[in-house]
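Here's upload_17.txt, which has compact mmCIF, C-alpha atoms and all ligand atoms:
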# COMPACT_ATOMS: atom_id res chain seq x y z
CA MET X 1 -12.81 21.27 18.09
CA LYS X 2 -11.05 18.11 16.97
CA THR X 3 -14.40 16.30 16.65
CA LEU X 4 -15.76 19.18 14.58
CA PHE X 5 -12.75 19.04 12.30
CA LEU X 6 -13.04 15.26 11.88
CA ALA X 7 -16.75 15.58 11.12
CA ALA X 8 -16.02 18.25 8.52
CA THR X 9 -13.32 16.07 6.95
CA ALA X 10 -15.69 13.10 6.79
CA PHE X 11 -18.35 15.27 5.13
CA LEU X 12 -15.89 16.60 2.56
CA SER X 13 -14.65 13.11 1.75
CA LEU X 14 -18.23 11.94 1.22
CA THR X 15 -19.11 14.87 -1.02
CA ALA X 16 -15.90 14.31 -2.99
CA MET X 17 -16.98 10.78 -3.88
CA GLN X 18 -17.42 10.02 -7.55
CA ALA X 19 -20.02 7.61 -8.87
CA PRO X 20 -18.10 4.38 -9.55
CA GLN X 21 -17.60 3.56 -13.20
CA PRO X 22 -18.02 -0.22 -13.38
CA ALA X 23 -15.40 -2.10 -15.38
CA LYS X 24 -16.72 -4.52 -17.96
CA ALA X 25 -17.64 -7.81 -16.29
CA ASP X 26 -15.50 -9.72 -18.77
CA SER X 27 -12.54 -7.33 -18.54
CA LYS X 28 -9.09 -8.87 -18.27
CA VAL X 29 -7.05 -8.10 -15.16
CA SER X 30 -3.25 -7.81 -15.38
CA LEU X 31 -0.81 -7.31 -12.49
CA TRP X 32 2.76 -5.98 -12.64
CA ARG X 33 5.15 -5.93 -9.68
CA LEU X 34 7.26 -2.74 -9.58
CA ASP X 35 10.50 -2.28 -7.65
CA CYS X 36 9.98 0.55 -5.17
CA GLY X 37 13.21 0.30 -3.14
CA THR X 38 15.22 -1.89 -0.78
CA PHE X 39 15.96 -1.55 2.95
CA THR X 40 18.57 -3.02 5.24
CA ILE X 41 16.91 -3.01 8.68
CA LYS X 42 19.72 -2.56 11.21
CA ASP X 43 18.20 -4.59 14.07
CA TYR X 44 15.16 -6.36 12.84
CA ASN X 45 14.40 -8.15 16.10
CA ALA X 46 14.00 -4.89 18.02
CA PHE X 47 12.37 -3.14 15.06
CA PHE X 48 9.86 -5.80 14.05
CA SER X 49 8.94 -7.78 17.18
CA ASP X 50 7.34 -6.50 20.36
CA THR X 51 8.08 -9.92 21.92
CA LEU X 52 11.67 -10.11 20.58
CA ALA X 53 10.80 -13.20 18.55
CA TYR X 54 13.67 -13.08 16.04
CA LYS X 55 17.46 -13.30 16.13
CA PRO X 56 19.05 -9.85 16.52
CA GLY X 57 20.89 -8.50 13.51
CA PRO X 58 20.32 -6.88 10.14
CA LYS X 59 17.69 -7.96 7.62
CA GLU X 60 17.21 -7.14 3.96
CA ILE X 61 13.68 -6.34 2.88
CA THR X 62 12.29 -5.05 -0.39
CA ASP X 63 9.67 -2.40 -1.12
CA SER X 64 7.08 -3.31 -3.76
CA CYS X 65 4.45 -1.39 -5.67
CA TYR X 66 1.97 -2.91 -8.11
CA LEU X 67 0.26 -1.74 -11.27
CA ILE X 68 -3.12 -3.31 -11.98
CA ARG X 69 -4.95 -2.95 -15.30
CA ASN X 70 -8.64 -3.85 -15.33
CA GLY X 71 -9.90 -3.56 -18.90
CA GLY X 72 -8.28 -0.27 -19.89
CA ARG X 73 -8.20 1.26 -16.42
CA TYR X 74 -5.07 1.53 -14.26
CA LEU X 75 -4.67 1.34 -10.49
CA LEU X 76 -1.28 1.87 -8.83
CA TRP X 77 -1.12 0.11 -5.46
CA ASP X 78 1.38 1.77 -3.08
CA THR X 79 4.05 4.21 -4.21
CA GLY X 80 7.30 3.20 -2.44
CA ILE X 81 10.02 5.42 -1.06
CA GLY X 82 10.62 8.94 -2.34
CA ALA X 83 12.12 9.48 -5.81
CA GLU X 84 14.73 11.78 -4.22
CA MET X 85 16.43 8.62 -2.88
CA GLN X 86 17.09 7.30 -6.38
CA GLY X 87 20.72 6.29 -6.99
CA LYS X 88 21.73 7.11 -3.41
CA THR X 89 22.22 5.28 -0.14
CA THR X 90 20.04 6.95 2.51
CA ASP X 91 20.50 6.26 6.22
CA ALA X 92 17.02 6.63 7.74
CA GLY X 93 18.19 5.67 11.26
CA PHE X 94 16.45 2.32 11.60
CA ALA X 95 17.43 1.28 8.07
CA ILE X 96 19.60 1.97 5.04
CA MET X 97 17.39 2.66 1.99
CA LYS X 98 18.07 2.53 -1.74
CA LEU X 99 15.97 3.20 -4.83
CA ASN X 100 17.07 1.96 -8.23
CA LYS X 101 14.31 3.25 -10.56
CA THR X 102 11.31 5.47 -10.00
CA ILE X 103 7.77 4.24 -10.65
CA VAL X 104 7.39 6.70 -13.55
CA GLN X 105 10.55 5.28 -15.19
CA GLN X 106 9.26 1.72 -14.81
CA LEU X 107 5.84 2.66 -16.21
CA GLY X 108 7.67 4.26 -19.14
CA GLU X 109 9.25 0.89 -19.93
CA ILE X 110 5.77 -0.59 -20.50
CA GLY X 111 4.44 2.47 -22.32
CA VAL X 112 2.18 3.72 -19.51
CA LYS X 113 2.12 7.49 -18.92
CA PRO X 114 1.54 8.86 -15.40
CA GLU X 115 -1.73 10.50 -16.61
CA GLN X 116 -3.08 7.05 -17.50
CA VAL X 117 -3.01 6.01 -13.84
CA GLU X 118 -6.62 6.71 -12.85
CA ILE X 119 -6.42 5.54 -9.24
CA VAL X 120 -3.62 5.50 -6.66
CA GLY X 121 -4.45 3.11 -3.81
CA ILE X 122 -2.39 3.34 -0.62
CA SER X 123 -2.19 0.51 1.91
CA HIS X 124 -1.29 2.84 4.79
CA PHE X 125 0.26 6.19 5.67
CA HIS X 126 3.92 5.21 6.18
CA SER X 127 6.48 7.06 4.05
CA ASP X 128 7.68 3.90 2.25
CA HIS X 129 4.15 3.56 0.77
CA ILE X 130 3.33 7.19 -0.09
CA GLY X 131 6.82 8.21 -1.34
CA GLN X 132 6.09 8.75 -5.06
CA ALA X 133 2.31 9.36 -4.93
CA ALA X 134 2.71 13.02 -5.92
CA ALA X 135 3.98 11.92 -9.36
CA PHE X 136 0.31 11.08 -10.11
CA PRO X 137 -1.51 14.28 -9.08
CA LYS X 138 -4.48 13.74 -11.45
CA ALA X 139 -5.28 10.28 -10.05
CA THR X 140 -8.04 9.63 -7.54
CA LEU X 141 -6.42 8.77 -4.20
CA LEU X 142 -7.91 5.86 -2.24
CA ILE X 143 -6.69 5.49 1.34
CA GLY X 144 -8.11 4.27 4.66
CA ALA X 145 -10.20 7.02 6.28
CA ASP X 146 -8.30 7.02 9.58
CA ASP X 147 -4.94 7.17 7.80
CA TYR X 148 -6.09 10.07 5.59
CA ALA X 149 -7.42 11.91 8.63
CA ALA X 150 -4.03 11.49 10.36
CA LEU X 151 -2.14 12.71 7.28
CA SER X 152 -4.38 15.72 6.70
CA ALA X 153 -4.61 16.77 10.37
CA LYS X 154 -3.71 20.37 11.24
CA PRO X 155 -1.25 21.02 12.70
CA ALA X 156 0.58 18.29 10.77
CA ASN X 157 1.91 15.33 12.71
CA PRO X 158 5.72 15.69 12.46
CA GLN X 159 6.14 11.88 12.47
CA LEU X 160 4.18 11.59 9.21
CA GLU X 161 5.09 13.12 5.83
CA PRO X 162 1.86 14.73 4.58
CA ALA X 163 3.76 16.73 1.93
CA ARG X 164 4.01 13.42 0.01
CA LEU X 165 0.22 13.71 -0.57
CA LYS X 166 0.16 17.44 -1.25
CA PRO X 167 -1.82 17.13 -4.55
CA TRP X 168 -4.79 15.81 -2.55
CA ILE X 169 -4.37 17.33 0.92
CA GLU X 170 -3.48 20.86 -0.27
CA ASP X 171 -4.24 21.19 -3.99
CA GLY X 172 -7.80 19.86 -4.29
CA GLY X 173 -7.04 16.50 -5.95
CA LYS X 174 -9.75 13.85 -5.80
CA ALA X 175 -9.28 11.91 -2.56
CA ARG X 176 -11.58 9.25 -1.28
CA SER X 177 -11.32 8.10 2.33
CA VAL X 178 -12.07 4.39 2.46
CA SER X 179 -13.97 2.96 5.42
CA GLY X 180 -14.29 -0.81 5.58
CA ASP X 181 -13.63 -2.86 2.42
CA HIS X 182 -13.78 -1.08 -0.95
CA ASP X 183 -14.49 -2.59 -4.38
CA VAL X 184 -12.15 -0.41 -6.46
CA PHE X 185 -13.69 -0.86 -9.95
CA GLY X 186 -17.20 -1.88 -8.86
CA ASP X 187 -16.91 -5.35 -10.41
CA GLY X 188 -15.46 -7.31 -7.48
CA LYS X 189 -12.12 -7.91 -9.22
CA VAL X 190 -9.97 -5.62 -7.09
CA VAL X 191 -10.95 -5.05 -3.47
CA MET X 192 -9.24 -3.05 -0.72
CA LEU X 193 -9.59 -5.09 2.49
CA ASN X 194 -9.97 -3.28 5.80
CA LEU X 195 -7.21 -4.77 7.99
CA PRO X 196 -6.36 -2.20 10.67
CA GLY X 197 -3.69 -2.46 13.36
CA HIS X 198 -0.42 -1.67 11.60
CA THR X 199 -2.01 1.76 11.21
CA PRO X 200 -5.63 2.71 12.00
CA GLY X 201 -6.71 2.70 8.33
CA HIS X 202 -4.46 -0.08 6.99
CA HIS X 203 -5.73 -2.05 3.95
CA ALA X 204 -4.51 -5.04 1.94
CA LEU X 205 -5.54 -5.67 -1.69
CA LEU X 206 -7.36 -8.63 -3.22
CA VAL X 207 -6.78 -8.97 -6.98
CA ARG X 208 -8.87 -11.59 -8.78
CA LEU X 209 -6.83 -12.68 -11.80
CA ALA X 210 -8.06 -15.23 -14.35
CA SER X 211 -5.31 -17.55 -13.01
CA GLY X 212 -6.58 -17.20 -9.42
CA PRO X 213 -6.80 -14.67 -6.61
CA VAL X 214 -3.74 -12.81 -5.30
CA LEU X 215 -3.59 -11.09 -1.90
CA LEU X 216 -1.12 -8.20 -1.53
CA THR X 217 -0.48 -7.82 2.19
CA GLY X 218 0.24 -4.14 2.57
CA ASP X 219 2.27 -4.22 5.80
CA LEU X 220 0.02 -6.64 7.66
CA TYR X 221 3.09 -8.88 7.30
CA HIS X 222 6.60 -7.63 6.45
CA PHE X 223 8.37 -10.98 5.86
CA THR X 224 7.69 -14.72 5.86
CA GLU X 225 8.95 -15.47 9.38
CA GLN X 226 6.39 -13.06 10.82
CA VAL X 227 3.46 -15.16 9.58
CA ALA X 228 4.25 -18.17 11.82
CA HIS X 229 5.18 -15.97 14.81
CA LYS X 230 2.17 -13.68 14.37
CA GLY X 231 4.80 -11.06 15.13
CA VAL X 232 3.60 -7.55 15.93
CA PRO X 233 6.04 -4.69 15.34
CA PRO X 234 6.31 -2.35 18.37
CA PHE X 235 5.33 0.62 16.17
CA ASN X 236 1.96 -0.81 15.15
CA THR X 237 -0.87 1.43 16.31
CA ASN X 238 -3.05 -1.36 17.75
CA ARG X 239 -1.85 -4.83 18.78
CA ALA X 240 -5.30 -6.43 19.17
CA ASP X 241 -6.47 -5.07 15.81
CA THR X 242 -3.28 -6.38 14.17
CA LEU X 243 -3.90 -9.92 15.46
CA ALA X 244 -7.57 -9.80 14.45
CA SER X 245 -6.57 -8.57 10.98
CA MET X 246 -4.00 -11.39 10.62
CA ASP X 247 -6.72 -13.88 11.59
CA ARG X 248 -9.14 -12.51 8.99
CA PHE X 249 -6.51 -12.33 6.27
CA ASP X 250 -5.18 -15.88 6.87
CA LYS X 251 -8.70 -17.34 6.85
CA MET X 252 -9.64 -15.50 3.65
CA ALA X 253 -6.42 -16.59 1.91
CA LYS X 254 -7.17 -20.22 2.83
CA ASN X 255 -10.86 -20.05 1.94
CA ILE X 256 -10.34 -18.64 -1.55
CA GLY X 257 -7.00 -20.37 -2.22
CA ALA X 258 -5.21 -17.04 -2.76
CA LYS X 259 -1.56 -16.59 -3.58
CA VAL X 260 -0.26 -14.38 -0.73
CA VAL X 261 2.40 -11.85 -1.70
CA ILE X 262 4.13 -10.11 1.22
CA GLN X 263 5.03 -6.75 -0.24
CA HIS X 264 8.32 -6.29 1.71
CA GLU X 265 9.47 -9.97 1.46
CA PRO X 266 12.32 -10.38 -1.08
CA ALA X 267 11.48 -14.08 -1.57
CA ASP X 268 7.92 -13.18 -2.61
CA ILE X 269 9.10 -11.14 -5.63
CA ALA X 270 9.41 -14.48 -7.45
CA LYS X 271 5.73 -15.31 -6.78
CA LEU X 272 4.81 -12.94 -9.63
CA PRO X 273 6.37 -12.75 -13.11
CA ALA X 274 9.48 -10.56 -13.29
CA PHE X 275 8.80 -7.04 -14.60
CA PRO X 276 7.86 -6.21 -17.33
CA ALA X 277 5.94 -9.51 -17.55
CA THR X 278 2.45 -9.58 -16.03
CA ALA X 279 0.43 -12.01 -13.95
CA GLU X 280 -2.99 -12.52 -15.55
ZN ZN B 1 6.22 -0.63 4.65
What would the structure in this file look like if it were written as structure tokens?
Amino acid sequence: MKTLFLAATAFLSLTAMQAPQPAKADSKVSLWRLDCGTFTIKDYNAFFSDTLAYKPGPKEITDSCYLIRNGGRYLLWDTGIGAEMQGKTTDAGFAIMKLNKTIVQQLGEIGVKPEQVEIVGISHFHSDHIGQAAAFPKATLLIGADDYAALSAKPANPQLEPARLKPWIEDGGKARSVSGDHDVFGDGKVVMLNLPGHTPGHHALLVRLASGPVLLTGDLYHFTEQVAHKGVPPFNTNRADTLASMDRFDKMAKNIGAKVVIQHEPADIAKLPAFPATAE
């Protein structure tokens, strides 16, 4: 029964595919970093290392989303924690969470309306990445196939928050399950990279700016110290896949000379111009 359902889902996601509209080869690519929340992890050693590699104690991490414009087309990469947390302090058990401004408010500051966001790309199914996706119901959703299958499974997995993707799972929005790497605009400038392990369908994002390539990690890494330790959080879905994904990502970053931006690392905010300025 489960196999049948998965096969049906795969068929639907294939039939829902749209012919890619290539961006102009000479189109300019711009990248904005958006603030999508902050967390204080209560015990980051226990939370983030399955070999207890770090000193016990709290750790501050950030939550980043990114707006990418390729020619006149907009992609939002990750959607942070839920807008309902704005202006509050929320105790989520493992962490204290805060949200200063919503994505829609930040887009408003640069004159971008939610309807202009053509594509919402999601690195993986965790709630701190799908939180505000439903504010863009007309956008095409791009997400790893295994993550979308987990989110849209019936009965719903109580550990996930599929209601955050209701416009696509329930209301017929355009969703595209991504298997392997995916060239978002069909011109090689923005590519979702298949890097499973944190979740089964986890992806990072390669953005080729005129100034050089940038790699947005998704949650392959959460903070700088993890890179040297090759630390694997206990909640990752597959340890071996995580290590293989780290190996691929590190080699690619070196080979193409990419600027690596760890999405949850507060120190990496300064690697990109401060909002509303763009990297180009
Ligand atoms: Zn995360």
Measuring atom to atom with all atoms listed in the file, identify which of X:Arg239, X:His203, X:Lys138, X:His182 is nearest to X:Lys166.
->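 Under the stated criterion, the closest residue is X:Lys138.
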Best match for closeness to X:His264 among X:Val191, X:Ile61, X:Leu52, X:Ala149, counting all atoms listed in the file = X:Ile61
Option closest in space to ligand ZN 1 (chain B), from X:Ala240, X:Leu76, X:Ala204, X:Ala270 [counting only C-alpha atoms and all ligand atoms] = X:Ala204
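Shell of stretch 192-201 of chain X at 7 Å, with all atoms listed in the file counted and residues fewer than 5 places along the chain excluded, is His124, Gly144, Ala145, Asp146, Asp147, Gly180, Asp181, His182, Asp183, Val184, Leu206, Asp219, Leu220, Asn236, Thr237, Asn238, Arg239, Asp241, Thr242 and Ser245 of chain X.
Near ligand ZN 1 (chain B), the residues found within 8 Å are Asp63, His126, Ser127, Asp128, His129, Gly218, Asp219, His222, Gln263 and His264 of chain X (criterion computed using all atoms listed in the file).
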Would you put the residues from that selection into a file with C-alpha atoms, as a CSV table (one decimal), keeping the file's coordinate frame?
chain,number,residue,atom,x,y,z
X,63,ASP,CA,9.7,-2.4,-1.1
X,126,HIS,CA,3.9,5.2,6.2
X,127,SER,CA,6.5,7.1,4.0
X,128,ASP,CA,7.7,3.9,2.2
X,129,HIS,CA,4.2,3.6,0.8
X,218,GLY,CA,0.2,-4.1,2.6
X,219,ASP,CA,2.3,-4.2,5.8
X,222,HIS,CA,6.6,-7.6,6.4
X,263,GLN,CA,5.0,-6.8,-0.2
X,264,HIS,CA,8.3,-6.3,1.7
Which residue out of X:Pro276, X:Gly172, X:Gly231, X:Pro158 has the minimum interatomic distance to X:Thr51 when all atoms listed in the file are used?
->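 Selected residue with least distance to X:Thr51: X:Gly231.
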Out of X:Ser64, X:Ser49, X:Thr224, X:Asn255, which residue has the shortest atom-to-atom distance to X:Trp32 when counting all atoms listed in the file?
-> X:Ser64
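Interatomic distance, atom CA of X:Tyr44 to atom CA of X:Leu216: 21.8 Å.
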Find the spatial neighbours of stretch 67-71 of chain X, counting all atoms listed in the file, within a cut-off of 7 Å - ignore same-chain residues fewer than 6 positions away - and output them as a list in words.
->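 The residues satisfying every condition are Ala23, Lys24, Ser27, Lys28, Val29, Ser30, Leu31, Trp32, Arg33 and Trp77 of chain X.
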Tell me which of X:Gly188, X:Ala150, X:Asp43, X:Leu107 sits closest to X:Pro162, counting all atoms listed in the file.
->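 Of the candidates, the smallest distance to X:Pro162 is held by X:Ala150.
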Which polymer residues have any atom within 10 Å of an atom of X:Lys113, counting only C-alpha atoms, with same-chain residues fewer than 5 positions away left out, as a PyMOL selection string?
-> chain X and resi 104-105+107-108+136
What's the 7 Å shell around X:Ala210, counting only C-alpha atoms, without same-chain residues fewer than 2 positions away, as a PyMOL selection string?
-> chain X and resi 208+212+280
Could you name the residues that touch X:Val214 at 9 Å or less, counting only C-alpha atoms, but leaving out those on the same chain fewer than 4 positions away, as a PyMOL selection string?
-> chain X and resi 205-209+253+257-261
